[in-house]
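Listing of final18.tsv; format and content: TSV, C-alpha atoms.
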```tsv
chain	number	residue	atom	x	y	z
P	2	MET	CA	-14.69	29.03	-7.50
P	3	GLU	CA	-16.22	31.66	-9.71
P	4	ILE	CA	-17.25	29.94	-12.94
P	5	LEU	CA	-19.28	32.68	-14.59
P	6	GLY	CA	-17.26	35.41	-16.22
P	7	GLN	CA	-14.60	33.05	-17.61
P	8	THR	CA	-13.78	32.84	-21.32
P	9	PRO	CA	-15.89	30.38	-23.40
P	10	VAL	CA	-12.86	28.18	-24.07
P	11	GLN	CA	-12.02	27.97	-20.35
P	12	SER	CA	-15.62	27.22	-19.42
P	13	ILE	CA	-16.01	24.50	-22.06
P	14	LEU	CA	-12.71	22.85	-21.12
P	15	PHE	CA	-13.49	23.08	-17.41
P	16	PHE	CA	-16.95	21.53	-17.66
P	17	THR	CA	-15.71	18.82	-20.05
P	18	LEU	CA	-12.99	17.76	-17.60
P	19	PHE	CA	-15.45	18.19	-14.75
P	20	GLY	CA	-17.81	15.72	-16.40
P	21	VAL	CA	-15.07	13.23	-17.25
P	22	THR	CA	-13.64	13.27	-13.72
P	23	GLY	CA	-17.15	12.61	-12.47
P	24	VAL	CA	-17.93	9.68	-14.77
P	25	VAL	CA	-14.57	7.90	-14.55
P	26	PRO	CA	-14.63	7.36	-10.74
P	27	LEU	CA	-18.24	6.20	-10.99
P	28	LEU	CA	-17.22	3.54	-13.52
P	29	ALA	CA	-14.30	2.58	-11.27
P	30	ALA	CA	-16.65	2.21	-8.29
P	31	LEU	CA	-19.08	0.05	-10.29
P	32	TYR	CA	-16.20	-2.13	-11.44
P	33	LEU	CA	-14.93	-2.68	-7.88
P	34	LEU	CA	-18.40	-3.39	-6.50
P	35	LEU	CA	-19.92	-5.47	-9.29
P	36	CYS	CA	-17.04	-7.19	-11.09
P	37	PRO	CA	-16.25	-10.48	-9.29
P	38	VAL	CA	-13.08	-11.05	-11.34
P	39	ASN	CA	-9.92	-8.99	-11.19
P	40	ALA	CA	-9.68	-7.77	-14.78
P	41	ILE	CA	-6.66	-5.53	-14.14
P	42	ALA	CA	-4.39	-8.11	-12.49
P	43	PRO	CA	-5.78	-11.62	-13.18
P	44	GLY	CA	-4.67	-14.13	-10.57
P	45	THR	CA	-4.40	-11.52	-7.81
P	46	THR	CA	-7.00	-11.41	-5.05
P	47	PRO	CA	-6.98	-7.94	-3.44
P	48	PRO	CA	-8.29	-7.40	0.10
P	49	VAL	CA	-12.09	-7.15	0.14
P	50	ARG	CA	-11.98	-4.32	2.69
P	51	LEU	CA	-9.61	-2.32	0.48
P	52	ARG	CA	-11.82	-2.82	-2.57
P	53	ARG	CA	-14.87	-1.57	-0.67
P	54	TRP	CA	-13.13	1.51	0.72
P	55	ALA	CA	-11.73	2.39	-2.71
P	56	ALA	CA	-15.21	1.93	-4.21
P	57	ALA	CA	-16.62	4.26	-1.53
P	58	PHE	CA	-13.98	6.88	-2.34
P	59	PHE	CA	-14.69	6.66	-6.08
P	60	THR	CA	-18.47	6.81	-5.46
P	61	PHE	CA	-18.31	9.94	-3.31
P	62	SER	CA	-15.86	11.49	-5.77
P	63	ALA	CA	-18.47	11.04	-8.51
P	64	LEU	CA	-21.29	12.35	-6.30
P	65	THR	CA	-19.37	15.50	-5.42
P	66	HIS	CA	-19.10	16.27	-9.12
P	67	LEU	CA	-22.85	15.86	-9.49
P	68	TRP	CA	-23.88	18.21	-6.72
P	69	TRP	CA	-21.20	20.75	-7.62
P	70	LEU	CA	-22.50	20.74	-11.20
P	71	LEU	CA	-26.04	21.36	-9.94
P	72	PHE	CA	-24.72	24.15	-7.72
P	73	PHE	CA	-22.91	25.85	-10.61
P	74	ILE	CA	-26.01	25.64	-12.81
P	75	TYR	CA	-28.69	26.74	-10.35
P	76	SER	CA	-26.87	28.97	-7.89
P	77	ASN	CA	-23.13	29.68	-8.13
P	78	ASN	CA	-23.55	31.85	-5.04
P	79	LEU	CA	-20.39	31.44	-2.98
P	80	ASP	CA	-22.01	33.17	0.01
P	81	SER	CA	-24.98	30.81	0.26
P	82	LEU	CA	-25.63	28.11	2.82
P	83	GLY	CA	-25.65	25.56	0.00
P	84	TYR	CA	-22.06	26.36	-0.88
P	85	GLN	CA	-20.95	25.98	2.74
P	86	LEU	CA	-22.74	22.64	3.11
P	87	ILE	CA	-21.26	21.24	-0.11
P	88	VAL	CA	-17.72	22.17	0.95
P	89	LEU	CA	-18.32	20.63	4.38
P	90	ILE	CA	-19.80	17.39	3.02
P	91	ASP	CA	-17.06	17.14	0.40
P	92	SER	CA	-14.33	17.48	3.00
P	93	ILE	CA	-15.79	14.92	5.41
P	94	LEU	CA	-16.75	12.24	2.89
P	95	LEU	CA	-13.72	12.43	0.61
P	96	LEU	CA	-11.08	12.74	3.32
P	97	THR	CA	-12.70	9.95	5.34
P	98	THR	CA	-12.87	7.55	2.40
P	99	ILE	CA	-9.32	8.40	1.33
P	100	ALA	CA	-8.13	7.68	4.88
P	101	GLY	CA	-10.11	4.42	4.96
P	102	THR	CA	-8.57	3.35	1.65
P	103	MET	CA	-5.04	4.15	2.81
P	104	LEU	CA	-5.43	2.41	6.16
P	105	SER	CA	-6.93	-0.73	4.62
P	106	MET	CA	-3.83	-1.13	2.46
P	107	LEU	CA	-1.80	-1.89	5.59
P	108	GLN	CA	-2.56	-5.52	6.35
P	109	ASP	CA	-0.35	-6.18	9.36
P	110	ARG	CA	-3.25	-5.17	11.62
P	111	ARG	CA	-6.63	-3.46	11.44
P	112	ARG	CA	-6.31	0.24	12.16
P	113	PRO	CA	-9.38	2.17	13.44
P	114	LEU	CA	-10.86	5.09	11.54
P	115	TRP	CA	-12.46	6.87	14.48
P	116	PRO	CA	-9.42	9.15	15.12
P	117	VAL	CA	-9.89	10.58	11.63
P	118	LEU	CA	-13.58	11.19	12.30
P	119	ALA	CA	-12.77	12.76	15.67
P	120	ALA	CA	-10.25	15.07	14.01
P	121	MET	CA	-13.00	16.27	11.66
P	122	LEU	CA	-15.16	17.56	14.54
P	123	PRO	CA	-13.21	20.84	15.00
P	124	PHE	CA	-13.46	21.31	11.23
P	125	VAL	CA	-17.25	21.05	11.47
P	126	ALA	CA	-17.28	23.46	14.42
P	127	PHE	CA	-15.19	26.00	12.52
P	128	PHE	CA	-17.59	25.79	9.62
P	129	GLY	CA	-20.54	26.45	11.91
P	130	LEU	CA	-18.82	29.50	13.33
P	131	TYR	CA	-17.91	30.75	9.88
P	132	TYR	CA	-21.50	30.54	8.67
P	133	THR	CA	-22.75	32.32	11.78
P	134	PHE	CA	-19.96	34.90	11.97
P	135	PRO	CA	-18.33	35.03	8.53
P	136	SER	CA	-14.85	36.55	8.46
P	137	ASP	CA	-11.60	36.24	6.53
P	138	LYS	CA	-9.82	35.12	9.69
P	139	LEU	CA	-12.18	32.16	10.21
P	140	GLU	CA	-11.88	31.22	6.55
P	141	LEU	CA	-8.09	31.17	6.91
P	142	ILE	CA	-8.39	29.04	10.07
P	143	ILE	CA	-10.60	26.51	8.23
P	144	LYS	CA	-8.20	26.19	5.30
P	145	SER	CA	-5.17	26.00	7.60
P	146	TYR	CA	-6.80	23.32	9.76
P	147	LEU	CA	-7.65	21.28	6.68
P	148	MET	CA	-4.06	21.50	5.49
P	149	LEU	CA	-2.63	20.65	8.93
P	150	LEU	CA	-5.01	17.70	9.23
P	151	SER	CA	-3.80	16.37	5.89
P	152	ILE	CA	-0.15	16.83	6.88
P	153	ALA	CA	-0.69	15.12	10.25
P	154	PHE	CA	-2.33	12.14	8.59
P	155	ALA	CA	0.48	11.95	6.04
P	156	VAL	CA	3.07	11.86	8.86
P	157	TYR	CA	1.11	9.12	10.62
P	158	MET	CA	0.97	7.09	7.41
P	159	VAL	CA	4.73	7.40	6.90
P	160	LEU	CA	5.30	5.91	10.36
P	161	ALA	CA	2.64	3.23	9.82
P	162	ILE	CA	4.09	2.24	6.45
P	163	HIS	CA	7.55	1.96	7.98
P	164	ARG	CA	6.16	-0.47	10.55
P	165	TYR	CA	4.26	-2.31	7.82
P	166	ASP	CA	7.46	-2.74	5.78
P	167	ARG	CA	9.20	-4.27	8.81
P	168	TRP	CA	6.28	-6.67	9.16
P	169	LEU	CA	6.57	-7.64	5.50
P	170	ASN	CA	10.31	-8.29	5.82
P	171	ASP	CA	9.73	-10.37	8.94
P	172	ASN	CA	7.05	-12.57	7.37
P	173	TYR	CA	7.43	-12.74	3.60
P	174	ALA	CA	10.27	-13.74	1.31
P	175	ASP	CA	8.71	-12.31	-1.87
P	176	LEU	CA	7.66	-8.68	-1.53
P	177	GLU	CA	6.75	-7.96	-5.15
P	178	HIS	CA	3.42	-6.06	-5.30
P	179	LYS	CA	3.14	-6.24	-1.50
P	180	ARG	CA	4.81	-2.93	-0.70
P	181	VAL	CA	2.46	0.04	-0.54
P	182	TRP	CA	4.69	3.11	-0.82
P	183	LEU	CA	3.47	3.88	-4.33
P	184	ASN	CA	-0.11	3.36	-3.26
P	185	GLN	CA	0.24	5.74	-0.34
P	186	VAL	CA	1.92	8.37	-2.50
P	187	VAL	CA	-1.00	8.18	-4.93
P	188	ALA	CA	-3.54	8.46	-2.12
P	189	PHE	CA	-1.68	11.38	-0.53
P	190	LEU	CA	-1.59	13.13	-3.89
P	191	CYS	CA	-5.37	12.66	-4.04
P	192	ILE	CA	-5.61	14.52	-0.74
P	193	LEU	CA	-3.28	17.23	-2.01
P	194	VAL	CA	-5.29	17.67	-5.22
P	195	PHE	CA	-8.50	17.87	-3.19
P	196	VAL	CA	-7.11	20.49	-0.81
P	197	LEU	CA	-5.65	22.56	-3.64
P	198	TYR	CA	-8.93	22.38	-5.52
P	199	GLU	CA	-10.82	23.60	-2.46
P	200	VAL	CA	-8.59	26.66	-2.15
P	201	ALA	CA	-8.02	27.23	-5.88
P	202	GLU	CA	-8.93	30.68	-7.18
P	203	ASP	CA	-7.59	30.32	-10.72
P	204	MET	CA	-9.47	28.56	-13.53
P	205	ASP	CA	-6.31	27.30	-15.24
P	206	LEU	CA	-5.11	25.76	-11.96
P	207	SER	CA	-8.45	23.99	-11.54
P	208	ILE	CA	-8.20	22.54	-15.06
P	209	CYS	CA	-4.69	21.23	-14.32
P	210	LEU	CA	-5.93	19.69	-11.06
P	211	HIS	CA	-8.73	17.87	-12.91
P	212	LEU	CA	-6.20	16.41	-15.34
P	213	ALA	CA	-4.01	15.30	-12.42
P	214	ASN	CA	-7.07	13.81	-10.74
P	215	LEU	CA	-7.74	11.59	-13.77
P	216	VAL	CA	-4.21	10.20	-13.65
P	217	LEU	CA	-4.47	9.57	-9.91
P	218	ILE	CA	-7.78	7.72	-10.28
P	219	PHE	CA	-6.28	5.27	-12.77
P	220	LEU	CA	-3.14	4.80	-10.66
P	221	LEU	CA	-5.13	4.20	-7.49
P	222	LEU	CA	-7.42	1.69	-9.20
P	223	TRP	CA	-4.44	-0.17	-10.65
P	224	ARG	CA	-2.67	-0.32	-7.28
P	225	VAL	CA	-5.76	-1.49	-5.42
P	226	GLU	CA	-6.19	-4.41	-7.83
P	227	THR	CA	-2.51	-5.42	-7.82
P	228	LEU	CA	-2.19	-5.53	-4.01
P	229	PRO	CA	-2.63	-9.17	-2.88
P	230	GLN	CA	-4.53	-10.27	0.19
P	231	LEU	CA	-2.11	-11.06	3.02
P	232	ASP	CA	-2.68	-12.83	6.31
P	233	ALA	CA	-1.81	-10.89	9.44
P	234	ALA	CA	0.09	-12.83	12.11
P	235	PRO	CA	-2.34	-14.55	14.50
P	236	ALA	CA	-1.77	-14.59	18.23
P	237	GLU	CA	0.38	-17.59	19.07
P	238	SER	CA	1.00	-19.26	22.38
P	239	ALA	CA	4.45	-19.71	23.86
P	240	TYR	CA	4.32	-23.47	23.24
P	241	VAL	CA	3.77	-25.40	20.04
P	242	PRO	CA	0.78	-27.80	20.24
P	243	GLU	CA	1.54	-31.46	19.76
P	244	THR	CA	-1.01	-31.56	16.93
P	245	MET	CA	0.65	-28.70	15.06
P	246	PRO	CA	0.54	-29.45	11.31
P	247	VAL	CA	3.73	-29.79	9.32
P	248	MET	CA	4.58	-29.44	5.65
P	249	PRO	CA	3.30	-32.29	3.46
P	250	THR	CA	6.88	-32.94	2.35
P	251	GLN	CA	7.91	-33.40	6.00
P	252	PRO	CA	5.17	-35.71	7.42
P	253	GLU	CA	7.34	-37.13	10.17
P	254	GLN	CA	8.92	-33.87	11.37
P	255	PRO	CA	8.41	-33.60	15.16
P	256	SER	CA	7.31	-30.41	16.83
P	257	VAL	CA	9.97	-28.44	18.68
P	258	ASP	CA	9.52	-26.92	22.10
P	259	PRO	CA	10.52	-23.25	21.64
P	260	ILE	CA	11.42	-22.97	25.32
P	261	SER	CA	14.17	-25.59	25.14
P	262	ILE	CA	15.55	-24.83	21.69
P	263	ASP	CA	18.72	-22.73	21.29
P	264	VAL	CA	20.20	-20.79	18.39
P	265	ASP	CA	22.54	-23.60	17.32
P	266	GLN	CA	19.71	-26.10	17.34
P	267	MET	CA	17.51	-23.78	15.27
P	268	GLU	CA	20.31	-23.28	12.75
P	269	GLN	CA	20.64	-27.05	12.41
P	270	LEU	CA	16.90	-27.45	11.90
P	271	LEU	CA	16.90	-24.75	9.21
P	272	LYS	CA	19.80	-26.43	7.45
P	273	GLU	CA	17.97	-29.76	7.49
P	274	HIS	CA	14.45	-28.64	6.60
P	275	CYS	CA	15.00	-25.49	4.55
P	276	GLU	CA	18.48	-25.37	3.06
P	277	ALA	CA	19.06	-29.09	2.39
P	278	THR	CA	15.57	-29.58	0.94
P	279	ARG	CA	15.75	-26.24	-0.91
P	280	LEU	CA	12.41	-25.25	0.52
P	281	TYR	CA	13.51	-21.64	0.01
P	282	LEU	CA	12.86	-22.09	-3.74
P	283	GLU	CA	9.13	-22.24	-3.08
P	284	LYS	CA	7.37	-19.19	-4.51
P	285	ASP	CA	5.93	-16.77	-1.97
P	286	LEU	CA	7.30	-18.77	0.95
P	287	THR	CA	6.05	-17.27	4.23
P	288	LEU	CA	7.47	-17.37	7.73
P	289	GLN	CA	4.48	-19.43	8.83
P	290	THR	CA	5.19	-22.09	6.18
P	291	LEU	CA	8.84	-22.30	7.18
P	292	ALA	CA	7.93	-22.50	10.87
P	293	GLN	CA	5.63	-25.44	10.17
P	294	ALA	CA	8.35	-27.20	8.20
P	295	VAL	CA	10.83	-26.74	11.07
P	296	GLY	CA	8.28	-27.73	13.71
P	297	THR	CA	8.12	-24.50	15.71
P	298	ASN	CA	5.84	-21.46	15.67
P	299	ARG	CA	6.08	-18.22	13.77
P	300	SER	CA	6.73	-16.04	16.82
P	301	TYR	CA	9.71	-18.06	17.99
P	302	LEU	CA	11.24	-18.32	14.54
P	303	SER	CA	10.87	-14.57	14.16
P	304	GLN	CA	12.68	-14.09	17.48
P	305	TYR	CA	15.49	-16.29	16.20
P	306	PHE	CA	16.01	-14.08	13.15
P	307	SER	CA	15.93	-11.01	15.38
P	308	ARG	CA	18.68	-12.48	17.56
P	309	LYS	CA	20.72	-13.10	14.42
P	310	GLY	CA	20.25	-9.45	13.41
P	311	ILE	CA	18.50	-10.27	10.14
P	312	THR	CA	14.96	-10.50	8.85
P	313	TYR	CA	13.21	-13.53	7.42
P	314	ASN	CA	13.28	-11.87	4.00
P	315	ILE	CA	17.07	-11.44	4.15
P	316	TYR	CA	17.55	-15.05	5.24
P	317	ILE	CA	15.52	-16.57	2.38
P	318	ASN	CA	16.86	-14.25	-0.30
P	319	SER	CA	20.44	-14.84	0.85
P	320	LEU	CA	19.95	-18.57	0.27
P	321	ARG	CA	18.51	-17.87	-3.16
P	322	ILE	CA	21.37	-15.55	-4.11
P	323	ASN	CA	23.95	-18.07	-2.86
P	324	LEU	CA	22.36	-20.67	-5.13
P	325	PHE	CA	22.41	-18.23	-8.03
P	326	ILE	CA	26.13	-17.50	-7.46
P	327	SER	CA	26.91	-21.20	-7.19
P	328	ARG	CA	25.09	-21.97	-10.45
P	329	CYS	CA	26.85	-19.09	-12.24
P	330	ARG	CA	30.26	-20.37	-11.15
P	331	GLU	CA	29.40	-23.91	-12.22
P	332	LEU	CA	28.41	-22.74	-15.70
P	333	ALA	CA	31.46	-20.47	-15.95
P	334	ALA	CA	33.76	-23.37	-14.99
P	335	ALA	CA	32.13	-25.54	-17.66
P	336	GLY	CA	32.59	-22.78	-20.25
P	337	GLN	CA	28.87	-22.40	-20.82
P	338	ASP	CA	26.81	-19.25	-21.30
P	339	ILE	CA	25.21	-17.82	-18.15
P	340	PRO	CA	21.49	-16.97	-18.63
P	341	ILE	CA	21.23	-14.52	-15.75
P	342	GLN	CA	17.50	-13.88	-15.90
P	343	GLN	CA	16.65	-17.57	-16.19
P	344	LEU	CA	18.95	-18.45	-13.29
P	345	SER	CA	17.40	-15.74	-11.12
P	346	LEU	CA	13.95	-17.28	-11.63
P	347	GLU	CA	15.28	-20.79	-11.02
P	348	SER	CA	16.79	-19.52	-7.77
P	349	GLY	CA	13.34	-18.77	-6.39
P	350	PHE	CA	12.79	-15.12	-7.29
P	351	GLY	CA	9.50	-14.07	-8.79
P	352	SER	CA	11.04	-11.57	-11.20
P	353	TYR	CA	14.43	-10.34	-12.34
P	354	ARG	CA	13.68	-6.89	-10.91
P	355	THR	CA	13.16	-8.33	-7.42
P	356	PHE	CA	16.29	-10.42	-7.80
P	357	SER	CA	18.38	-7.40	-8.82
P	358	ARG	CA	17.33	-5.46	-5.73
P	359	ALA	CA	18.01	-8.39	-3.42
P	360	PHE	CA	21.37	-9.05	-5.08
P	361	LEU	CA	22.45	-5.43	-4.60
P	362	GLN	CA	21.37	-5.53	-0.94
P	363	ARG	CA	23.14	-8.85	-0.33
P	364	THR	CA	26.44	-8.20	-2.17
P	365	GLY	CA	26.71	-4.42	-2.28
P	366	GLN	CA	27.03	-4.41	-6.06
P	367	SER	CA	24.78	-4.80	-9.07
P	368	VAL	CA	24.53	-8.08	-10.98
P	369	THR	CA	26.24	-6.50	-14.00
P	370	ALA	CA	29.14	-5.21	-11.89
P	371	TRP	CA	29.51	-8.59	-10.23
P	372	MET	CA	29.58	-10.40	-13.56
P	373	ASN	CA	32.10	-7.93	-15.00
P	374	GLY	CA	34.27	-8.39	-11.92
P	375	GLY	CA	34.61	-12.09	-12.52
P	376	GLY	CA	31.88	-13.22	-10.14
P	377	ASN	CA	33.69	-12.48	-6.91
P	378	VAL	CA	31.73	-11.53	-3.80
```

Do you think you could lay out the structure here as structure tokens?
Amino acid sequence: MEILGQTPVQSILFFTLFGVTGVVPLLAALYLLLCPVNAIAPGTTPPVRLRRWAAAFFTFSALTHLWWLLFFIYSNNLDSLGYQLIVLIDSILLLTTIAGTMLSMLQDRRRPLWPVLAAMLPFVAFFGLYYTFPSDKLELIIKSYLMLLSIAFAVYMVLAIHRYDRWLNDNYADLEHKRVWLNQVVAFLCILVFVLYEVAEDMDLSICLHLANLVLIFLLLWRVETLPQLDAAPAESAYVPETMPVMPTQPEQPSVDPISIDVDQMEQLLKEHCEATRLYLEKDLTLQTLAQAVGTNRSYLSQYFSRKGITYNIYINSLRINLFISRCRELAAAGQDIPIQQLSLESGFGSYRTFSRAFLQRTGQSVTAWMNGGGNV
């Protein structure tokens, strides 16, 4: 971008925002690397890999501001080799660290980064050609390839997040702060802001992009710190070992051979060791915990829910909602007030917001509409 020749007000505002958007990510990177305690969401332990990738992204974001500032001061020659190298390094480092941050948010399995690096090779080749044989056509090809690369990665992430959401529903009853759609939207907007900034020709547009970048930095940092560490499903054998541990509340529960068990038998076991004991009220109850209580393994229990046409999340939350409805009807019959929010928490939900969503999914109507309708489902 041409900086010289702008009005004094534009130049002052631009360089002020330029400096702020350089310092803020540096502070964010130092916080993630040096602060051992989660100051944003106390009690939450985010994935270490995610924290490191986010710190790398923030660090390179700060460094790009530094070397661009030096370029504007000492050169500002858009036809120089220095300009071409800065654009190339910016693109590789920032897009790679953004991709690493986004991929590390998906905890169902470890996804490799080498395809992203391989996709950057043509970009590097195009840059080499452009410096050797500069032309408007090659410049258009470079910008178009960068945009297509961003779009392709965004499409891949949509598919990966969809698979990740299925994994969450199959393994976790409480999904609050575990979903990553907002996180991915923020990260994708970071890519969009970067691409737009690279092709921006207007000073006012660049100023707006810097303001948007500040907002995105704070949102990304907040989301990284509020995402809890999850355990991906380990490889399990077809049989349950005889020494398989069980829940402390069920010390004498025998292991079940998943080969001989049938659907009816599994339903009976769930009634005995989950529904009757109200194990489903346990906060953040996982499929693995339930499988241990029943005496089978996670893979077989997951197959059972698949045969029933439901997910583990639906099963647990249905039990919680049934308890909530039962308690509401008991209080209504006794002529007592119904503290909806308190009952939702007593029914096992971590928050009223999560309960409201699960209730709507389970009954097809909101809690308010159900209460106004006399509590009939």

All residues 12 Å or closer to Leu149 of chain P, only C-alpha atoms, same chain fewer than 2 positions away omitted, as a ChimeraX atom specification:
/P:120-121,124,142-147,151-156,192-193,196

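If only C-alpha atoms are the atoms counted, then among P:Leu221, P:Met106, P:Leu212, P:Ala294 the closest residue to Pro48 of chain P is P:Met106.
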
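Of note, atom CA of Leu291 of chain P and atom CA of Arg328 of chain P are spaced 24.0 Å apart.
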
With only C-alpha atoms as the counted atoms, please give the residues lying no more than 7 Å from segment 78-95 of chain P, apart from itself and same-chain residues fewer than 5 positions off, as a PyMOL selection string.
chain P and resi 58+61-62+65+121

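With atom CA of His274 of chain P on one side and atom CA of Ile311 of chain P on the other, the separation reads 19.1 Å.
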
Point out the residue among P:Glu177, P:Asp137, P:Asp171, P:Asp166 with the least atom-to-atom distance to Arg354 of chain P, counting only C-alpha atoms.
P:Glu177

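Taking all atoms listed in the file, the non-local environment of Phe350 of chain P within 8 Å (same-chain residues fewer than 2 positions away omitted) comprises Asp175, Leu282, Lys284, Arg321, Ser345, Leu346, Glu347, Ser348, Ser352, Tyr353, Thr355 and Phe356 of chain P.
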
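Atom to atom, atom CA of Thr278 of chain P and atom CA of Leu320 of chain P stand 11.9 Å apart.
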
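Among the candidates P:Ser12, P:Thr97, P:Met158, P:Arg50, the one nearest to Val186 of chain P when counting only C-alpha atoms is P:Met158.
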
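Counting only C-alpha atoms and comparing P:Leu228, P:Tyr281, P:Leu286, P:Tyr316, the residue that lies closest to Ala42 of chain P is P:Leu228.
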
Complete segment 163-174 of chain P at the level of N, CA, C and O atoms, written as a PDB file, keeping the file's coordinate frame.
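File part-v7.pdb, as written:
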```pdb
ATOM      1  N   HIS P 163       6.241   2.451   7.552  1.00  0.00           N
ATOM      2  CA  HIS P 163       7.550   1.960   7.980  1.00  0.00           C
ATOM      3  C   HIS P 163       7.388   0.696   8.832  1.00  0.00           C
ATOM      4  O   HIS P 163       8.121  -0.290   8.651  1.00  0.00           O
ATOM      5  N   ARG P 164       6.429   0.711   9.726  1.00  0.00           N
ATOM      6  CA  ARG P 164       6.160  -0.470  10.550  1.00  0.00           C
ATOM      7  C   ARG P 164       5.643  -1.622   9.690  1.00  0.00           C
ATOM      8  O   ARG P 164       6.013  -2.781   9.892  1.00  0.00           O
ATOM      9  N   TYR P 165       4.809  -1.297   8.714  1.00  0.00           N
ATOM     10  CA  TYR P 165       4.260  -2.310   7.820  1.00  0.00           C
ATOM     11  C   TYR P 165       5.364  -2.970   6.993  1.00  0.00           C
ATOM     12  O   TYR P 165       5.361  -4.189   6.798  1.00  0.00           O
ATOM     13  N   ASP P 166       6.337  -2.183   6.541  1.00  0.00           N
ATOM     14  CA  ASP P 166       7.460  -2.740   5.780  1.00  0.00           C
ATOM     15  C   ASP P 166       8.285  -3.696   6.634  1.00  0.00           C
ATOM     16  O   ASP P 166       8.767  -4.725   6.149  1.00  0.00           O
ATOM     17  N   ARG P 167       8.477  -3.351   7.913  1.00  0.00           N
ATOM     18  CA  ARG P 167       9.200  -4.270   8.810  1.00  0.00           C
ATOM     19  C   ARG P 167       8.426  -5.576   8.951  1.00  0.00           C
ATOM     20  O   ARG P 167       9.027  -6.648   8.973  1.00  0.00           O
ATOM     21  N   TRP P 168       7.120  -5.469   9.048  1.00  0.00           N
ATOM     22  CA  TRP P 168       6.280  -6.670   9.160  1.00  0.00           C
ATOM     23  C   TRP P 168       6.403  -7.526   7.909  1.00  0.00           C
ATOM     24  O   TRP P 168       6.505  -8.762   7.995  1.00  0.00           O
ATOM     25  N   LEU P 169       6.406  -6.905   6.741  1.00  0.00           N
ATOM     26  CA  LEU P 169       6.570  -7.640   5.500  1.00  0.00           C
ATOM     27  C   LEU P 169       7.911  -8.371   5.471  1.00  0.00           C
ATOM     28  O   LEU P 169       7.982  -9.555   5.114  1.00  0.00           O
ATOM     29  N   ASN P 170       8.976  -7.672   5.835  1.00  0.00           N
ATOM     30  CA  ASN P 170      10.310  -8.290   5.820  1.00  0.00           C
ATOM     31  C   ASN P 170      10.433  -9.411   6.827  1.00  0.00           C
ATOM     32  O   ASN P 170      11.221 -10.343   6.635  1.00  0.00           O
ATOM     33  N   ASP P 171       9.663  -9.343   7.903  1.00  0.00           N
ATOM     34  CA  ASP P 171       9.730 -10.370   8.940  1.00  0.00           C
ATOM     35  C   ASP P 171       8.882 -11.598   8.608  1.00  0.00           C
ATOM     36  O   ASP P 171       9.035 -12.641   9.247  1.00  0.00           O
ATOM     37  N   ASN P 172       7.985 -11.481   7.621  1.00  0.00           N
ATOM     38  CA  ASN P 172       7.050 -12.570   7.370  1.00  0.00           C
ATOM     39  C   ASN P 172       7.001 -13.079   5.934  1.00  0.00           C
ATOM     40  O   ASN P 172       6.458 -14.164   5.693  1.00  0.00           O
ATOM     41  N   TYR P 173       7.556 -12.342   4.999  1.00  0.00           N
ATOM     42  CA  TYR P 173       7.430 -12.740   3.600  1.00  0.00           C
ATOM     43  C   TYR P 173       8.792 -12.691   2.907  1.00  0.00           C
ATOM     44  O   TYR P 173       9.574 -11.760   3.108  1.00  0.00           O
ATOM     45  N   ALA P 174       9.034 -13.700   2.081  1.00  0.00           N
ATOM     46  CA  ALA P 174      10.270 -13.740   1.310  1.00  0.00           C
ATOM     47  C   ALA P 174      10.133 -12.951   0.017  1.00  0.00           C
ATOM     48  O   ALA P 174      11.070 -12.307  -0.435  1.00  0.00           O
TER      49      ALA P 174
END
```
